[in-house]
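Shown next: final_36.txt, containing compact mmCIF, C-alpha atoms.
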# COMPACT_ATOMS: atom_id res chain seq x y z
CA MET A 1 25.99 -61.80 -87.20
CA GLU A 2 28.79 -62.39 -84.71
CA LEU A 3 31.84 -60.21 -85.16
CA GLU A 4 35.05 -62.07 -85.89
CA LEU A 5 37.32 -60.62 -83.24
CA ARG A 6 40.34 -62.91 -83.62
CA PRO A 7 42.51 -63.12 -85.50
CA ARG A 8 42.49 -59.53 -86.69
CA LYS A 9 42.15 -59.63 -90.43
CA ARG A 10 41.95 -56.86 -92.98
CA GLN A 11 40.86 -57.17 -96.55
CA ILE A 12 43.21 -55.54 -99.00
CA GLY A 13 42.54 -55.47 -102.67
CA SER A 14 46.13 -55.67 -103.81
CA PHE A 15 47.21 -58.63 -105.93
CA SER A 16 50.75 -59.05 -107.11
CA GLY A 17 50.17 -61.82 -109.69
CA PHE A 18 53.43 -63.50 -108.65
CA SER A 19 53.53 -67.13 -107.61
CA GLU A 20 54.77 -68.17 -104.17
CA ALA A 21 57.98 -69.46 -105.73
CA GLU A 22 58.58 -66.12 -107.51
CA ILE A 23 57.92 -64.15 -104.34
CA GLU A 24 60.34 -66.37 -102.43
CA LYS A 25 62.92 -65.80 -105.16
CA MET A 26 62.53 -62.03 -104.97
CA GLU A 27 62.76 -62.07 -101.18
CA ASN A 28 66.05 -63.98 -101.46
CA LEU A 29 67.30 -61.44 -104.01
CA ILE A 30 66.60 -58.62 -101.57
CA ASN A 31 68.69 -60.37 -98.93
CA GLU A 32 71.49 -61.02 -101.40
CA SER A 33 71.48 -57.83 -103.49
CA SER A 34 69.35 -55.22 -101.75
CA GLU A 35 71.23 -52.31 -103.37
CA GLN A 36 70.54 -53.54 -106.90
CA VAL A 37 66.99 -54.85 -106.83
CA CYS A 38 65.33 -51.60 -107.96
CA ASP A 39 67.72 -51.11 -110.88
CA PRO A 40 65.82 -51.42 -114.22
CA GLU A 41 68.36 -53.78 -115.77
CA PHE A 42 68.29 -56.00 -112.71
CA CYS A 43 64.47 -56.10 -112.78
CA LYS A 44 64.47 -56.93 -116.51
CA LYS A 45 66.70 -59.93 -115.86
CA VAL A 46 64.43 -61.13 -113.05
CA ALA A 47 61.31 -60.75 -115.20
CA LYS A 48 62.97 -62.61 -118.07
CA THR A 49 63.93 -65.44 -115.70
CA PHE A 50 60.35 -65.75 -114.51
CA MET A 51 58.99 -65.82 -118.06
CA ARG A 52 61.36 -68.66 -118.99
CA SER A 53 60.33 -70.84 -116.05
CA GLN A 54 57.90 -73.72 -116.53
CA GLY A 55 55.71 -72.47 -113.70
CA ARG A 56 54.86 -69.32 -115.68
CA ALA A 57 53.47 -71.27 -118.64
CA GLY A 58 49.90 -70.20 -119.41
CA LYS A 59 50.03 -67.31 -116.94
CA PRO A 60 50.11 -63.54 -117.65
CA ILE A 61 53.35 -61.95 -118.85
CA VAL A 62 55.55 -60.53 -116.12
CA LYS A 63 56.64 -56.97 -116.87
CA TRP A 64 59.93 -55.74 -115.49
CA THR A 65 58.12 -52.68 -114.10
CA GLU A 66 55.93 -54.99 -112.02
CA VAL A 67 59.03 -56.61 -110.61
CA GLN A 68 60.52 -53.20 -109.83
CA THR A 69 57.30 -52.05 -108.16
CA TRP A 70 57.27 -55.17 -105.99
CA PHE A 71 60.85 -54.52 -104.88
CA GLN A 72 60.13 -50.84 -104.23
CA ASN A 73 57.07 -51.64 -102.13
CA LYS A 74 59.06 -54.20 -100.22
CA LEU A 75 61.80 -51.72 -99.50
CA GLN A 76 59.34 -48.86 -99.03
CA CYS A 77 61.33 -46.90 -101.62
CA CYS A 78 63.66 -45.81 -98.82
CA PRO A 79 67.25 -46.69 -99.72
CA LEU A 80 69.28 -46.32 -96.57
CA LYS A 81 72.57 -44.48 -96.32
CA ASN A 82 74.33 -46.70 -93.85
CA ASN A 83 77.69 -45.78 -92.46
CA SER A 84 79.91 -47.96 -90.35
CA ALA A 85 78.59 -46.49 -87.11
CA GLU A 86 75.00 -47.18 -88.08
CA ALA A 87 75.87 -50.67 -89.23
CA ASP A 88 77.31 -51.40 -85.81
CA LYS A 89 74.17 -50.32 -84.00
CA LYS A 90 72.32 -53.07 -82.24
CA LEU A 91 68.66 -53.55 -83.06
CA PRO A 92 66.60 -52.65 -79.99
CA ASP A 93 65.20 -55.87 -78.62
CA VAL A 94 61.48 -55.58 -79.23
CA THR A 95 60.61 -58.35 -76.85
CA GLU A 96 62.83 -56.87 -74.16
CA ARG A 97 61.21 -53.46 -74.53
CA CYS A 98 57.74 -54.96 -74.30
CA ALA A 99 58.75 -57.08 -71.34
CA LEU A 100 59.92 -53.91 -69.57
CA ASP A 101 56.68 -52.15 -70.47
CA LYS A 102 54.82 -55.10 -69.04
CA ALA A 103 56.74 -54.84 -65.79
CA ASN A 104 56.32 -51.07 -65.57
CA GLU A 105 52.57 -51.42 -66.03
CA SER A 106 52.44 -54.04 -63.22
CA SER A 107 50.51 -56.31 -65.48
CA HIS A 108 51.04 -59.58 -63.58
CA THR A 109 48.93 -60.69 -60.69
CA ALA A 110 50.46 -62.57 -57.78
CA GLY A 111 51.09 -66.19 -58.67
CA GLN A 112 50.45 -65.63 -62.38
CA LYS A 113 52.95 -67.21 -64.73
CA VAL A 114 55.47 -64.70 -66.08
CA LEU A 115 55.82 -65.02 -69.83
CA THR A 116 59.23 -65.46 -71.34
CA GLN A 117 60.28 -63.28 -74.28
CA SER A 118 59.72 -66.14 -76.71
CA GLU A 119 56.13 -66.51 -75.48
CA LEU A 120 55.19 -62.86 -75.89
CA GLU A 121 52.94 -61.91 -78.78
CA PHE A 122 52.96 -58.52 -80.49
CA GLU A 123 50.82 -56.14 -82.46
CA ALA A 124 51.87 -53.35 -84.79
CA ARG A 125 50.18 -50.22 -86.08
CA SER A 126 49.89 -49.98 -89.83
CA SER A 127 50.71 -46.62 -91.39
CA ARG A 128 48.18 -47.41 -94.14
CA ASP A 129 45.09 -47.08 -91.97
CA GLY A 130 46.30 -46.40 -88.42
CA ALA A 131 44.84 -49.70 -87.17
CA TRP A 132 46.62 -52.31 -85.05
CA TYR A 133 47.17 -55.84 -86.40
CA ASP A 134 48.65 -58.98 -84.91
CA VAL A 135 52.27 -59.61 -85.87
CA ASP A 136 53.04 -63.00 -87.35
CA SER A 137 56.80 -62.49 -87.52
CA PHE A 138 59.59 -59.92 -87.64
CA ILE A 139 61.36 -60.23 -90.98
CA SER A 140 64.17 -57.68 -90.85
CA HIS A 141 65.27 -54.43 -89.23
CA ARG A 142 67.00 -51.21 -90.16
CA PHE A 143 67.97 -47.77 -88.88
CA LEU A 144 66.86 -44.61 -90.66
CA ASN A 145 69.24 -41.70 -91.15
CA SER A 146 67.53 -40.07 -88.19
CA GLY A 147 68.59 -42.99 -86.01
CA GLU A 148 65.05 -44.28 -85.57
CA PRO A 149 64.84 -48.09 -85.60
CA GLU A 150 62.32 -49.81 -87.85
CA VAL A 151 61.33 -53.44 -88.20
CA LEU A 152 59.74 -55.19 -91.17
CA VAL A 153 56.66 -57.04 -89.89
CA ARG A 154 54.46 -59.68 -91.44
CA PHE A 155 50.89 -59.51 -90.22
CA VAL A 156 48.82 -62.53 -89.26
CA SER A 157 46.74 -63.91 -92.15
CA LEU A 158 48.41 -61.61 -94.69
CA GLY A 159 50.92 -62.47 -97.40
CA SER A 160 54.44 -61.18 -97.83
CA GLU A 161 53.22 -58.52 -100.29
CA GLU A 162 51.64 -56.75 -97.30
CA ASP A 163 54.81 -56.68 -95.17
CA GLU A 164 55.35 -53.23 -93.72
CA TRP A 165 58.16 -51.25 -92.13
CA VAL A 166 57.07 -49.80 -88.77
CA ASN A 167 58.76 -47.77 -86.07
CA ILE A 168 59.76 -50.07 -83.22
CA ARG A 169 59.34 -47.48 -80.47
CA LYS A 170 56.06 -46.01 -81.66
CA ALA A 171 54.22 -48.77 -83.51
CA VAL A 172 55.15 -52.12 -81.93
CA ARG A 173 53.94 -53.34 -78.56
CA GLU A 174 52.77 -56.39 -76.67
CA ARG A 175 49.52 -57.74 -78.04
CA SER A 176 46.25 -56.42 -76.60
CA VAL A 177 43.96 -59.04 -75.09
CA THR A 178 40.27 -59.80 -74.73
CA LEU A 179 38.48 -60.06 -71.40
CA GLU A 180 36.05 -62.63 -70.10
CA HIS A 181 32.52 -61.40 -69.38
CA SER A 182 33.23 -61.64 -65.64
CA GLU A 183 36.25 -59.33 -66.01
CA CYS A 184 34.36 -56.29 -67.30
CA ASN A 185 34.91 -54.55 -63.95
CA LYS A 186 38.61 -54.33 -64.78
CA VAL A 187 37.93 -51.71 -67.46
CA LYS A 188 38.01 -48.17 -66.10
CA VAL A 189 37.25 -44.73 -67.50
CA GLY A 190 40.38 -43.37 -69.17
CA ASP A 191 41.73 -46.77 -70.21
CA LEU A 192 43.36 -47.14 -73.62
CA VAL A 193 41.64 -49.89 -75.61
CA LEU A 194 41.31 -51.26 -79.12
CA CYS A 195 37.81 -51.38 -80.58
CA PHE A 196 36.85 -53.75 -83.37
CA GLN A 197 35.24 -52.11 -86.41
CA GLU A 198 33.67 -54.11 -89.18
CA GLY A 199 33.02 -52.32 -92.48
CA LYS A 200 31.93 -53.42 -95.93
CA ASN A 201 35.48 -53.79 -97.22
CA GLN A 202 37.61 -53.86 -94.12
CA SER A 203 37.72 -55.09 -90.53
CA LYS A 204 40.16 -53.46 -88.14
CA TYR A 205 41.02 -52.54 -84.56
CA LEU A 206 41.33 -48.83 -83.80
CA GLU A 207 42.74 -47.21 -80.68
CA ALA A 208 40.34 -45.40 -78.36
CA HIS A 209 39.90 -44.25 -74.76
CA VAL A 210 37.03 -45.23 -72.50
CA VAL A 211 35.09 -42.08 -71.55
CA GLU A 212 32.05 -43.59 -69.80
CA ILE A 213 30.88 -46.97 -68.49
CA GLN A 214 27.21 -47.84 -68.08
CA LYS A 215 26.94 -50.83 -65.75
CA ARG A 216 24.27 -53.40 -66.54
CA LEU A 217 23.19 -56.65 -64.91
CA HIS A 218 24.70 -59.67 -66.64
CA ASP A 219 22.41 -62.33 -68.01
CA ILE A 220 22.72 -65.71 -69.73
CA ARG A 221 24.43 -63.98 -72.66
CA GLY A 222 27.15 -62.60 -70.41
CA CYS A 223 28.21 -58.99 -69.88
CA ARG A 224 25.58 -56.45 -70.90
CA CYS A 225 27.50 -53.36 -69.79
CA LEU A 226 27.93 -50.49 -72.24
CA PHE A 227 31.25 -48.71 -72.86
CA VAL A 228 31.38 -45.25 -74.42
CA ILE A 229 34.70 -44.87 -76.23
CA ARG A 230 36.37 -41.97 -78.04
CA TYR A 231 38.60 -42.74 -81.02
CA GLY A 232 41.96 -41.02 -80.99
CA ARG A 233 42.12 -40.42 -84.73
CA ASP A 234 39.03 -38.17 -85.01
CA ASP A 235 37.55 -37.81 -81.48
CA THR A 236 34.31 -39.50 -82.52
CA GLU A 237 32.46 -41.49 -79.86
CA GLU A 238 30.69 -44.83 -79.98
CA THR A 239 28.87 -47.01 -77.47
CA VAL A 240 29.96 -50.67 -77.61
CA ARG A 241 29.84 -53.88 -75.62
CA LEU A 242 32.79 -55.67 -74.05
CA ARG A 243 33.12 -58.24 -76.82
CA ARG A 244 34.27 -55.56 -79.27
CA LEU A 245 37.10 -54.40 -77.02
CA CYS A 246 40.69 -55.53 -76.59
CA VAL A 247 42.59 -54.07 -73.67
CA ARG A 248 46.21 -53.52 -72.72
CA PRO A 249 47.76 -56.44 -70.78
CA SER A 250 48.23 -54.22 -67.70
CA ILE A 251 44.46 -54.28 -67.13
CA LEU A 252 44.64 -58.01 -66.36
CA GLY A 253 46.65 -57.21 -63.23
CA ARG A 254 43.89 -55.18 -61.64
CA PRO A 255 42.02 -56.58 -58.63

Would you encode the structure as structure tokens?
Amino acid sequence: MELELRPRKRQIGSFSGFSEAEIEKMENLINESSEQVCDPEFCKKVAKTFMRSQGRAGKPIVKWTEVQTWFQNKLQCCPLKNNSAEADKKLPDVTERCALDKANESSHTAGQKVLTQSELEFEARSSRDGAWYDVDSFISHRFLNSGEPEVLVRFVSLGSEEDEWVNIRKAVRERSVTLEHSECNKVKVGDLVLCFQEGKNQSKYLEAHVVEIQKRLHDIRGCRCLFVIRYGRDDTEETVRLRRLCVRPSILGRP
């Protein structure tokens, strides 16, 4: 069976039970009244409103605790203590940071088109499993009391209930890319890569370093080289083929 390498999808068993209209309503409430949304009385009013709507007819009862849990998950249960100085802070420009990283890594070959910020694509590391997933959009941003900037990301192919706050500096970067079979020589020992793992309940990309490359003659199927990688999370090693790897954009600039 061929591995589905793109888009990166993960299977998560969570199910909110809310309709799209109800989720949209709660998202608007967060934007309008973020300081109140976790208050029990506020959640009871929201639940009562949902139960009175025609769209809820014949569907399970909405408990106010379910509404509160949804809001808490959305806000990560981290009410911020903003002061005027923090409120005036400018959100670090994610695209600008990644564009600078791209330049510092000398990722463009001569004559290659330079991407504008609007054309850049990003990936973010989930704190739930440590894997990297493609970012569909950046929803909001905030500063923690420590001064660390975070951004609320929505992952590709996932619903709003799986939105996650991630650290901009540590867990957001320009999207890793795949290589053509003829480009396998660009991968070197020591390179940081993402390796696709497919399990029974979950498919994900995990960060690893290349520790050995076993060159093989290509055939009609393409690259047959073997790459020994070591995962950063537990130092385990695995031997994989090129099609399971995504590499940092800087590798594309190699001769």

Residue neighbourhood A:Cys223, 9 Å, all atoms listed in the file, exclusion window fewer than 3 positions, as a compact mmCIF listing (two decimals) with C-alpha atoms, in the coordinates of the input:
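What follows is the written file selection.txt:
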# COMPACT_ATOMS: atom_id res chain seq x y z
CA GLU A 180 36.05 -62.63 -70.10
CA HIS A 181 32.52 -61.40 -69.38
CA SER A 182 33.23 -61.64 -65.64
CA GLU A 183 36.25 -59.33 -66.01
CA CYS A 184 34.36 -56.29 -67.30
CA ARG A 216 24.27 -53.40 -66.54
CA LEU A 217 23.19 -56.65 -64.91
CA HIS A 218 24.70 -59.67 -66.64
CA ASP A 219 22.41 -62.33 -68.01
CA ILE A 220 22.72 -65.71 -69.73
CA LEU A 226 27.93 -50.49 -72.24
CA ARG A 241 29.84 -53.88 -75.62
CA LEU A 242 32.79 -55.67 -74.05
CA ARG A 243 33.12 -58.24 -76.82

**Request:** Please work out which residues fall within 12 Å of (46.2, -55.7, -86.3), coordinates as given in the file, with all atoms listed in the file counting, and return them as an MDAnalysis selection string.
**Result:** chainID A and resid 5:11 121:136 153:158 171:177 194:197 202:207 246

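Take atom CA of A:Trp64 and atom CA of A:Glu24: the distance between them is 16.8 Å.
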
In Å and to one decimal, atom CA of A:Trp70 is distant from atom CA of A:Ile139 by 16.4 Å

Residue with the minimum atom-to-atom distance to A:Val166, picked from A:Arg230, A:Arg142, A:Arg248, A:Arg56 with only C-alpha atoms counted, is A:Arg142

| task | List every protein, DNA or RNA residue that has at least one atom no more than 12 Å from (57.7, -54.9, -105.8) in the file's coordinates, counting only C-alpha atoms, and write the result as a PyMOL selection string. | result | chain A and resi 14-18+22-23+26-27+29-30+37-39+43+46-47+62-77+160-163

**Study point:** Atomic distance atom CA of A:Asn167 - atom CA of A:Gly190, expressed in Å with one decimal
**Key:**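 Atom-to-atom, atom CA of A:Asn167 to atom CA of A:Gly190, that is 25.4 Å.
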
With all atoms listed in the file as the counted atoms, please give the residues lying no more than 7 Å from A:Ile213, apart from itself and same-chain residues fewer than 5 positions off, as a VMD selection string. chain A and resid 189 226 to 228

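Closest to A:Gly222 among A:Leu179, A:Gln54, A:Lys48, A:Glu164 is A:Leu179, based on all atoms listed in the file.
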